[in-house]
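Text of the file query.txt, holding compact mmCIF, C-alpha atoms:
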# COMPACT_ATOMS: atom_id res chain seq x y z
CA MET A 275 -21.67 9.13 -2.54
CA ARG A 276 -19.55 9.90 0.52
CA VAL A 277 -17.04 7.12 1.24
CA ILE A 278 -14.53 6.54 4.05
CA GLY A 279 -11.41 4.51 3.20
CA LEU A 280 -9.42 2.75 5.94
CA MET A 281 -5.93 1.43 5.26
CA SER A 282 -3.14 -0.14 7.29
CA GLY A 283 0.03 -1.14 5.51
CA THR A 284 2.76 -3.67 6.10
CA SER A 285 4.46 -1.36 8.61
CA TYR A 286 1.47 -2.03 10.94
CA ASP A 287 1.93 1.20 12.89
CA GLY A 288 -1.70 2.26 12.62
CA ILE A 289 -4.57 3.13 10.32
CA GLU A 290 -4.86 5.89 7.75
CA ALA A 291 -8.42 7.10 7.22
CA ALA A 292 -9.48 9.31 4.34
CA ALA A 293 -12.88 10.40 3.10
CA ALA A 294 -14.07 11.61 -0.26
CA GLU A 295 -17.20 12.28 -2.25
CA PHE A 296 -17.46 10.34 -5.50
CA GLU A 297 -19.70 10.84 -8.51
CA LEU A 298 -19.70 8.61 -11.58
CA SER A 299 -20.81 10.11 -14.88
CA GLY A 300 -20.23 8.05 -17.99
CA ASP A 301 -16.57 7.07 -18.07
CA THR A 302 -15.53 9.78 -15.60
CA VAL A 303 -15.40 9.53 -11.83
CA ARG A 304 -15.22 12.79 -9.91
CA MET A 305 -13.63 12.82 -6.49
CA ARG A 306 -13.64 15.53 -3.84
CA PRO A 307 -11.28 14.65 -0.98
CA LEU A 308 -12.65 15.56 2.43
CA GLY A 309 -9.52 15.07 4.51
CA ARG A 310 -7.53 12.41 6.32
CA LEU A 311 -6.54 11.36 9.82
CA SER A 312 -4.20 8.83 11.42
CA HIS A 313 -5.32 6.41 14.10
CA GLN A 314 -2.50 4.67 15.93
CA TYR A 315 -2.65 1.07 17.05
CA SER A 316 -2.23 0.52 20.77
CA GLU A 317 1.16 -0.76 21.84
CA GLU A 318 -0.48 -4.00 22.94
CA LEU A 319 -2.05 -4.55 19.54
CA ARG A 320 1.18 -3.74 17.70
CA THR A 321 2.99 -6.27 19.87
CA GLN A 322 0.34 -8.90 19.12
CA ILE A 323 0.59 -8.25 15.38
CA ALA A 324 4.38 -8.46 15.43
CA ALA A 325 4.26 -11.74 17.36
CA ALA A 326 1.99 -13.34 14.74
CA LEU A 327 3.75 -12.12 11.58
CA PRO A 328 5.97 -14.49 9.56
CA PRO A 329 8.30 -16.15 10.16
CA ALA A 330 6.87 -16.56 13.67
CA ALA A 331 4.53 -19.44 14.41
CA THR A 332 1.07 -18.55 15.64
CA THR A 333 -2.21 -20.12 16.75
CA THR A 334 -5.85 -19.90 15.70
CA GLU A 335 -6.51 -18.29 19.09
CA ALA A 336 -4.00 -15.53 18.34
CA ILE A 337 -5.53 -14.97 14.89
CA CYS A 338 -9.02 -14.79 16.42
CA VAL A 339 -7.84 -12.26 19.01
CA LEU A 340 -6.17 -10.19 16.29
CA ASP A 341 -9.20 -10.29 13.99
CA THR A 342 -11.25 -8.78 16.79
CA GLY A 343 -8.62 -6.35 18.04
CA ILE A 344 -7.78 -5.03 14.57
CA GLY A 345 -11.48 -4.85 13.68
CA GLN A 346 -12.15 -2.78 16.79
CA ALA A 347 -9.23 -0.45 15.97
CA PHE A 348 -10.56 0.01 12.43
CA ALA A 349 -14.00 0.67 13.91
CA GLU A 350 -12.54 3.40 16.13
CA ALA A 351 -10.84 4.95 13.09
CA GLY A 352 -14.09 4.77 11.14
CA VAL A 353 -16.04 6.49 13.91
CA ARG A 354 -13.44 9.24 14.09
CA ALA A 355 -13.45 9.71 10.32
CA LEU A 356 -17.24 9.83 10.23
CA ALA A 357 -17.32 12.57 12.86
CA GLN A 358 -14.20 14.56 11.97
CA LEU A 359 -14.08 14.26 8.18
CA CYS A 360 -17.73 13.77 7.21
CA ASP A 361 -19.73 15.79 9.78
CA GLY A 362 -21.46 12.57 10.78
CA GLU A 363 -22.82 11.81 7.29
CA ALA A 364 -21.40 9.10 5.02
CA ASP A 365 -22.70 6.25 2.86
CA LEU A 366 -20.00 3.60 2.92
CA VAL A 367 -16.81 2.47 4.66
CA VAL A 368 -14.12 0.56 2.79
CA SER A 369 -11.65 -1.35 4.95
CA HIS A 370 -8.41 -2.85 3.70
CA GLY A 371 -7.71 -4.51 7.04
CA GLN A 372 -4.26 -5.54 8.22
CA THR A 373 -2.28 -7.89 5.99
CA MET A 374 -0.93 -10.76 8.07
CA HIS A 375 0.15 -13.18 5.35
CA HIS A 376 0.61 -13.12 1.59
CA TRP A 377 1.06 -16.73 0.45
CA VAL A 378 3.33 -16.91 -2.60
CA GLU A 379 4.75 -20.09 -4.13
CA ALA A 380 7.06 -19.96 -7.16
CA GLY A 381 5.75 -16.52 -8.06
CA THR A 382 2.09 -17.57 -7.81
CA VAL A 383 -0.11 -16.15 -5.06
CA ARG A 384 -2.12 -18.94 -3.44
CA GLY A 385 -3.88 -16.82 -0.85
CA THR A 386 -3.76 -13.62 1.13
CA LEU A 387 -4.97 -12.88 4.66
CA GLN A 388 -6.11 -9.49 5.91
CA LEU A 389 -7.51 -9.36 9.45
CA GLY A 390 -9.92 -6.84 10.97
CA GLN A 391 -13.47 -8.19 11.27
CA PRO A 392 -15.66 -5.69 9.34
CA ALA A 393 -18.68 -6.39 11.57
CA TRP A 394 -17.06 -4.22 14.26
CA ILE A 395 -16.83 -1.32 11.79
CA ALA A 396 -20.44 -1.74 10.64
CA GLU A 397 -21.65 -1.95 14.24
CA ALA A 398 -19.74 1.13 15.37
CA THR A 399 -20.46 3.38 12.37
CA GLY A 400 -23.84 2.02 11.34
CA LEU A 401 -22.61 2.04 7.74
CA PRO A 402 -22.20 -0.79 5.23
CA VAL A 403 -18.60 -1.94 4.88
CA VAL A 404 -16.73 -3.29 1.88
CA ALA A 405 -13.81 -5.45 3.03
CA ASP A 406 -11.60 -8.39 1.98
CA LEU A 407 -10.83 -6.76 -1.35
CA ARG A 408 -7.77 -8.78 -2.36
CA GLY A 409 -9.12 -12.33 -2.33
CA ARG A 410 -11.23 -12.15 -5.48
CA ASP A 411 -8.29 -11.10 -7.62
CA VAL A 412 -6.23 -13.98 -6.21
CA ALA A 413 -9.07 -16.38 -7.04
CA ALA A 414 -8.96 -15.05 -10.60
CA GLY A 415 -5.28 -15.93 -10.87
CA GLY A 416 -3.92 -12.53 -9.89
CA GLN A 417 -1.38 -11.39 -7.33
CA GLY A 418 -4.00 -9.59 -5.27
CA ALA A 419 -1.51 -6.71 -5.23
CA PRO A 420 -0.87 -3.92 -5.82
CA LEU A 421 -4.58 -3.04 -5.89
CA VAL A 422 -3.84 0.68 -6.13
CA ALA A 423 -2.99 0.18 -9.81
CA LEU A 424 -6.42 1.23 -11.09
CA PHE A 425 -6.38 4.40 -8.99
CA ASP A 426 -2.82 5.14 -10.11
CA ALA A 427 -3.69 4.63 -13.76
CA LEU A 428 -6.63 7.03 -13.49
CA LEU A 429 -4.54 9.54 -11.53
CA LEU A 430 -1.62 9.53 -13.97
CA GLY A 431 -3.70 9.29 -17.13
CA GLY A 432 -2.92 12.01 -19.64
CA LEU A 433 0.43 13.01 -18.15
CA PRO A 434 3.21 13.34 -20.71
CA GLY A 435 5.99 10.82 -21.19
CA VAL A 436 5.96 7.60 -19.16
CA PRO A 437 4.71 8.49 -15.68
CA ALA A 438 4.77 6.04 -12.80
CA ALA A 439 3.34 6.08 -9.28
CA LEU A 440 5.58 4.79 -6.49
CA ASN A 441 4.25 3.98 -3.03
CA LEU A 442 6.86 3.55 -0.31
CA GLY A 443 5.25 1.59 2.50
CA GLY A 444 6.68 -1.50 4.13
CA ILE A 445 6.90 -2.81 0.59
CA ALA A 446 7.47 -0.55 -2.43
CA ASN A 447 5.05 -0.85 -5.34
CA ILE A 448 5.00 0.89 -8.68
CA THR A 449 2.42 1.49 -11.39
CA VAL A 450 3.74 2.42 -14.85
CA VAL A 451 1.36 4.15 -17.25
CA ALA A 452 3.03 4.17 -20.66
CA PRO A 453 1.20 5.62 -23.66
CA ASP A 454 -0.54 3.09 -25.91
CA ALA A 455 0.06 0.28 -23.42
CA ASP A 456 -1.85 -1.33 -20.58
CA PRO A 457 -0.74 -0.10 -17.15
CA LEU A 458 1.77 -2.36 -15.40
CA ALA A 459 2.00 -2.67 -11.62
CA PHE A 460 4.10 -4.74 -9.23
CA ASP A 461 5.95 -4.73 -5.93
CA THR A 462 9.58 -3.75 -6.50
CA GLY A 463 10.77 -5.08 -3.12
CA PRO A 464 11.18 -3.69 0.39
CA ALA A 465 10.79 0.00 1.12
CA ASN A 466 10.58 0.31 4.90
CA ALA A 467 10.21 -3.37 5.85
CA LEU A 468 13.88 -4.16 6.37
CA LEU A 469 14.73 -0.62 7.51
CA ASP A 470 12.13 -0.78 10.26
CA ALA A 471 13.25 -4.26 11.28
CA ALA A 472 16.85 -3.06 11.52
CA ALA A 473 15.91 0.06 13.50
CA ARG A 474 13.98 -2.01 16.05
CA HIS A 475 16.71 -4.63 16.26
CA PHE A 476 19.67 -2.31 16.73
CA SER A 477 17.84 -0.01 19.16
CA GLY A 478 16.54 -2.87 21.29
CA GLY A 479 13.01 -1.85 20.40
CA THR A 480 13.28 1.79 21.43
CA GLU A 481 13.15 3.03 17.81
CA GLU A 482 10.48 1.87 15.38
CA TYR A 483 12.09 3.31 12.25
CA ASP A 484 15.01 5.38 11.01
CA ARG A 485 13.53 8.77 11.82
CA ASP A 486 14.01 11.21 8.92
CA GLY A 487 16.62 8.84 7.53
CA ARG A 488 19.17 10.22 9.98
CA GLY A 489 20.82 6.87 10.71
CA ALA A 490 21.26 6.09 7.03
CA ALA A 491 22.55 9.58 6.34
CA ALA A 492 25.27 9.11 8.99
CA GLY A 493 26.34 5.70 7.65
CA GLN A 494 28.19 4.34 4.64
CA VAL A 495 26.86 1.77 2.19
CA ASN A 496 28.59 -1.60 2.55
CA PRO A 497 29.03 -2.81 -1.07
CA GLU A 498 29.41 -6.43 0.03
CA LEU A 499 26.16 -6.37 1.99
CA LEU A 500 24.38 -4.59 -0.86
CA ARG A 501 25.55 -7.24 -3.34
CA ARG A 502 24.37 -9.97 -0.99
CA LEU A 503 20.94 -8.38 -0.66
CA LEU A 504 20.63 -7.80 -4.40
CA ASP A 505 21.20 -11.53 -4.98
CA GLU A 506 17.57 -12.03 -3.93
CA PRO A 507 15.82 -13.91 -6.80
CA TYR A 508 12.62 -11.87 -6.37
CA TYR A 509 14.20 -8.88 -8.09
CA ARG A 510 14.74 -10.86 -11.29
CA LEU A 511 11.14 -12.05 -11.57
CA PRO A 512 9.07 -10.27 -14.23
CA GLY A 513 5.98 -8.32 -13.24
CA PRO A 514 3.22 -8.61 -12.28
CA LYS A 515 4.62 -9.88 -8.98
CA SER A 516 4.05 -9.24 -5.29
CA THR A 517 5.84 -9.84 -2.03
CA GLY A 518 5.65 -8.98 1.66
CA LYS A 519 7.09 -9.52 5.10
CA GLU A 520 6.81 -13.25 4.56
CA LEU A 521 10.11 -12.76 2.70
CA PHE A 522 11.57 -9.47 3.90
CA HIS A 523 11.78 -9.75 7.68
CA LEU A 524 14.40 -9.56 10.44
CA PRO A 525 15.71 -13.17 10.13
CA TYR A 526 16.16 -12.51 6.39
CA LEU A 527 18.29 -9.46 7.22
CA LEU A 528 20.26 -11.27 9.91
CA ALA A 529 21.09 -14.07 7.46
CA ALA A 530 22.45 -11.47 5.03
CA LEU A 531 24.50 -9.86 7.80
CA ALA A 532 25.97 -13.25 8.70
CA ASP A 533 27.25 -13.51 5.12
CA ALA A 534 28.36 -9.88 4.89
CA PRO A 535 29.15 -8.62 8.43
CA THR A 536 28.47 -4.93 8.91
CA PRO A 537 29.30 -3.90 12.49
CA ASP A 538 28.01 -0.33 12.38
CA PRO A 539 24.17 -0.16 12.54
CA GLN A 540 24.22 3.12 10.65
CA ASP A 541 26.03 1.42 7.78
CA VAL A 542 23.32 -1.25 7.76
CA LEU A 543 20.65 1.44 7.55
CA ALA A 544 22.52 3.21 4.75
CA THR A 545 22.85 -0.05 2.81
CA LEU A 546 19.17 -0.94 3.23
CA THR A 547 18.13 2.52 2.10
CA ARG A 548 20.34 2.17 -0.96
CA LEU A 549 18.80 -1.26 -1.61
CA THR A 550 15.35 0.29 -1.89
CA ALA A 551 16.67 3.07 -4.14
CA VAL A 552 18.49 0.62 -6.43
CA THR A 553 15.54 -1.76 -6.82
CA VAL A 554 13.05 1.06 -7.40
CA ALA A 555 15.36 2.67 -9.94
CA GLY A 556 15.93 -0.62 -11.74
CA ALA A 557 12.18 -1.08 -12.17
CA CYS A 558 11.87 2.47 -13.49
CA ARG A 559 14.69 2.04 -16.00
CA ASP A 560 13.30 -1.28 -17.19
CA HIS A 561 10.08 0.44 -18.20
CA GLY A 562 11.41 3.79 -19.43
CA VAL A 563 9.84 5.88 -16.66
CA THR A 564 10.28 9.62 -17.17
CA ARG A 565 8.33 10.93 -14.16
CA LEU A 566 7.94 9.32 -10.75
CA VAL A 567 5.08 10.40 -8.49
CA VAL A 568 5.84 9.29 -4.92
CA SER A 569 3.59 8.64 -1.94
CA GLY A 570 3.63 6.68 1.32
CA GLY A 571 5.61 6.87 4.53
CA GLY A 572 8.96 6.50 2.79
CA ALA A 573 8.32 9.73 0.91
CA HIS A 574 9.04 11.53 4.21
CA ASN A 575 12.53 10.00 4.41
CA PRO A 576 14.84 12.60 2.82
CA THR A 577 17.78 10.19 2.68
CA LEU A 578 15.75 7.61 0.76
CA MET A 579 14.34 10.24 -1.60
CA ARG A 580 17.84 11.61 -2.24
CA MET A 581 19.17 8.13 -3.01
CA ILE A 582 16.30 7.43 -5.42
CA ALA A 583 17.02 10.74 -7.16
CA ASP A 584 20.72 9.81 -7.35
CA GLU A 585 19.81 6.51 -9.01
CA LEU A 586 17.45 8.15 -11.50
CA PRO A 587 19.16 11.18 -13.02
CA GLY A 588 16.92 12.81 -15.58
CA VAL A 589 13.71 11.39 -14.08
CA GLU A 590 11.38 13.98 -12.57
CA LEU A 591 10.45 13.15 -8.97
CA SER A 592 7.35 14.68 -7.44
CA SER A 593 4.74 14.00 -4.79
CA SER A 594 1.18 12.84 -5.31
CA ASP A 595 0.30 16.07 -3.47
CA ASP A 596 1.13 17.86 -6.72
CA LEU A 597 -1.73 15.96 -8.37
CA GLY A 598 -4.26 16.79 -5.68
CA ILE A 599 -3.80 13.63 -3.57
CA VAL A 600 -2.16 14.01 -0.15
CA SER A 601 0.66 11.47 -0.06
CA ASP A 602 -0.31 9.90 3.25
CA ALA A 603 -3.95 9.60 2.16
CA LYS A 604 -3.40 8.05 -1.26
CA GLU A 605 -3.85 4.39 -0.41
CA ALA A 606 -6.88 5.04 1.80
CA LEU A 607 -8.44 7.10 -1.00
CA ALA A 608 -7.58 4.39 -3.51
CA PHE A 609 -9.42 1.79 -1.46
CA ALA A 610 -12.34 4.17 -0.99
CA LEU A 611 -12.60 4.32 -4.78
CA LEU A 612 -12.35 0.52 -5.09
CA GLY A 613 -15.22 0.07 -2.63
CA TYR A 614 -17.24 2.71 -4.47
CA LEU A 615 -16.76 0.73 -7.67
CA THR A 616 -17.75 -2.49 -5.90
CA VAL A 617 -21.14 -1.20 -4.77
CA HIS A 618 -21.75 -0.01 -8.35
CA GLY A 619 -20.96 -3.47 -9.70
CA LEU A 620 -17.76 -2.37 -11.40
CA PRO A 621 -14.37 -4.14 -11.38
CA GLY A 622 -11.57 -2.67 -9.32
CA THR A 623 -8.59 -4.44 -10.84
CA LEU A 624 -6.42 -4.14 -13.90
CA PRO A 625 -5.40 -7.62 -15.14
CA SER A 626 -2.22 -6.06 -16.54
CA GLY A 627 -1.43 -4.86 -13.02
CA THR A 628 -2.08 -8.05 -11.07
CA GLY A 629 -1.78 -10.78 -13.71
CA ALA A 630 -5.35 -11.99 -13.20
CA ARG A 631 -7.27 -13.74 -15.96
CA HIS A 632 -9.88 -11.00 -15.92
CA ALA A 633 -10.92 -7.90 -14.01
CA SER A 634 -13.04 -8.56 -10.92
CA VAL A 635 -15.55 -6.79 -8.72
CA LEU A 636 -13.77 -6.82 -5.38
CA GLY A 637 -14.60 -7.61 -1.78
CA SER A 638 -17.54 -8.59 0.34
CA ILE A 639 -20.18 -6.31 1.87
CA THR A 640 -21.25 -6.23 5.51
CA PRO A 641 -24.58 -4.40 5.92
CA GLY A 642 -24.83 -1.44 8.27
CA ARG A 643 -27.60 -0.56 10.68
CA GLN A 644 -30.15 0.01 7.92
CA PRO A 645 -31.32 -2.44 5.24
CA LEU A 646 -28.66 -2.76 2.55
CA ARG A 647 -29.53 -0.69 -0.51
CA LEU A 648 -26.99 -0.67 -3.31
CA PRO A 649 -26.90 1.87 -6.14
CA ALA A 650 -28.10 0.80 -9.55
CA PRO A 651 -25.31 -1.09 -11.34
CA ALA A 652 -23.19 1.14 -13.55
CA SER A 653 -22.60 0.08 -17.13
CA THR A 654 -19.34 1.91 -17.84
CA ALA A 655 -16.06 1.58 -15.96
CA PRO A 656 -14.25 4.88 -15.37
CA ARG A 657 -11.43 5.82 -17.71
CA ARG A 658 -10.53 9.11 -16.13
CA LEU A 659 -10.46 10.66 -12.67
CA LEU A 660 -11.28 14.28 -12.00
CA ILE A 661 -10.16 15.59 -8.61
CA ALA A 662 -11.66 18.75 -7.19
CA GLY A 663 -9.16 21.54 -7.71
CA ARG A 664 -7.06 19.65 -10.25
CA PRO A 665 -7.22 20.51 -13.98
CA ALA A 666 -8.92 17.92 -16.19
CA VAL A 667 -6.74 15.52 -18.16
CA PRO A 668 -7.57 13.28 -21.13
CA PRO A 669 -9.02 9.81 -20.49
CA VAL A 670 -6.83 6.79 -19.76
CA ALA A 671 -6.07 4.77 -22.89
CA GLY A 672 -7.28 1.18 -23.16

Write out the structure in this file as structure tokens.
Amino acid sequence: MRVIGLMSGTSYDGIEAAAAEFELSGDTVRMRPLGRLSHQYSEELRTQIAAALPPAATTTEAICVLDTGIGQAFAEAGVRALAQLCDGEADLVVSHGQTMHHWVEAGTVRGTLQLGQPAWIAEATGLPVVADLRGRDVAAGGQGAPLVALFDALLLGGLPGVPAALNLGGIANITVVAPDADPLAFDTGPANALLDAAARHFSGGTEEYDRDGRGAAAGQVNPELLRRLLDEPYYRLPGPKSTGKELFHLPYLLAALADAPTPDPQDVLATLTRLTAVTVAGACRDHGVTRLVVSGGGAHNPTLMRMIADELPGVELSSSDDLGIVSDAKEALAFALLGYLTVHGLPGTLPSGTGARHASVLGSITPGRQPLRLPAPASTAPRRLLIAGRPAVPPVAG
């Protein structure tokens, strides 16, 4: 089955599309990546998203407009992926949508909202669409995040030591795959969320992020500000746990700066970069990680990667590219796999990764142009992932 995955993260800069061919045989799923592309949001849409994100107030009209606008943008990305990555032939689109709110109270997720009406994608591509993948896990008592845990566990299965996958998006999440233990996954805290907010704020909106980590590299960490930021109670919560821009946003940063003034913007950027490195490293040390496989936009920030390496001496750092998965495509490919499992009637969650009461089949399906025909339900969930061009590894334990 040829599947297109569409993903937009908490940085809301655009959509990553990736396509792959999947084949399920017994407990093994084989994947042949077909490529990836980026589809940028229009400036108008980015502005509308920013205006509706917490802690801003919004209206049902604004949410309706965004659901359509984001859905149309995802549809455009799907059409491009179908033509450019799949030669016009695919079976399924899987859309993560754009996260607008992740409702957490006292460590419990009450709900999660991803916008991007899948009907626009189905109409434009003619293909069935799996969307709204997080809600079922939340209904089962889970965090609804990070949903890449199953993909990570399959990807890292069989590697020696205690490998972990780290994704550095707006929020950083980690999946730890220790031998003879269930995989554990959780959000460690901000990766780019506060950095991007600071870059926009200090540049008056002319810079969207700290390009190549140059601002942080030119600054000095303010120990007082770092201590103030590390006082955040979220870091002391046990996993599974999840967070988002409902917590880590510009007013949050400005409140910290009021308590620990830091006049030089480059020092703020350096301190925020160190914050991500310290919180990621703390999670790795807590779980005895010996190898860290990194993906996401933050993996392109050399200052951040250097700080993580400084905080984790003796831990091998590598890219998911080394395992056959292009870093920028990993989350889109992960959601493509989750949708593939959904149409085969297989769960896409790991209860040890989200804290749910049980594993769930994820999402809802919007039919395409043709009558909806699902594959015969599969009886065995995959325990290992074989990627075209990557040597086989033993199955995942558990």

(message) Can you measure atom CA of Ala465 of chain A to atom CA of Leu578 of chain A for me? One decimal in Å is fine.
(response) 9.1 Å

(message) Applying 10 Å and only C-alpha atoms, which residues near segment 535-547 of chain A remain after dropping the ones on its own chain fewer than 3 positions away? List them as a PyMOL selection string.
(response) chain A and resi 464-470+472-473+475-477+483-484+487-501+503+527-532+550-552+575+577-579+581-582

(message) I'd like to know which of A:Gln417, A:Gln358, A:Thr616, A:Thr564 is closest to Arg310 of chain A, using only C-alpha atoms.
(response) A:Gln358

(request) Quick one: residues within 9 Å of (-1.3, -0.6, -17.2) (file frame), counting all atoms listed in the file, please, as a list in words. (result) Ala423, Leu424, Ala427, Thr449, Val450, Val451, Ala452, Ala455, Asp456, Pro457, Leu458, Ala459, Leu624, Pro625, Ser626, Gly627 and Gly672 of chain A

(message) Residues near segment 315-331 of chain A, anyone? I mean within 12 Å using only C-alpha atoms, not counting same-chain ones fewer than 6 positions away, as number ranges by chain.
(response) A: 282, 284-290, 337-351, 372-377, 387-390, 471, 474, 479, 482, 518-526

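The two atoms in question, atom CA of Val303 of chain A and atom CA of Asp365 of chain A, are spaced 16.7 Å apart.
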
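When all atoms listed in the file are used to measure the gap to Gly309 of chain A, the shortest distance among A:Ala414, A:Ala633, A:Leu611, A:Ala606 belongs to A:Ala606.
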
(message) Ranking A:Trp394, A:Phe460, A:Tyr508, A:Phe296 by minimum distance to Glu379 of chain A and counting all atoms listed in the file, which one comes first?
(response) A:Tyr508

(message) Give me, as a PyMOL selection string, all polymer residues having an atom no more than 12 Å from segment 640-646 of chain A, counting only C-alpha atoms and skipping those fewer than 2 positions away in the same chain.
(response) chain A and resi 364-369+391-406+613+617+637-638+648-649

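The interatomic distance for the pair atom CA of Met305 of chain A and atom CA of Leu430 of chain A works out to 14.5 Å.
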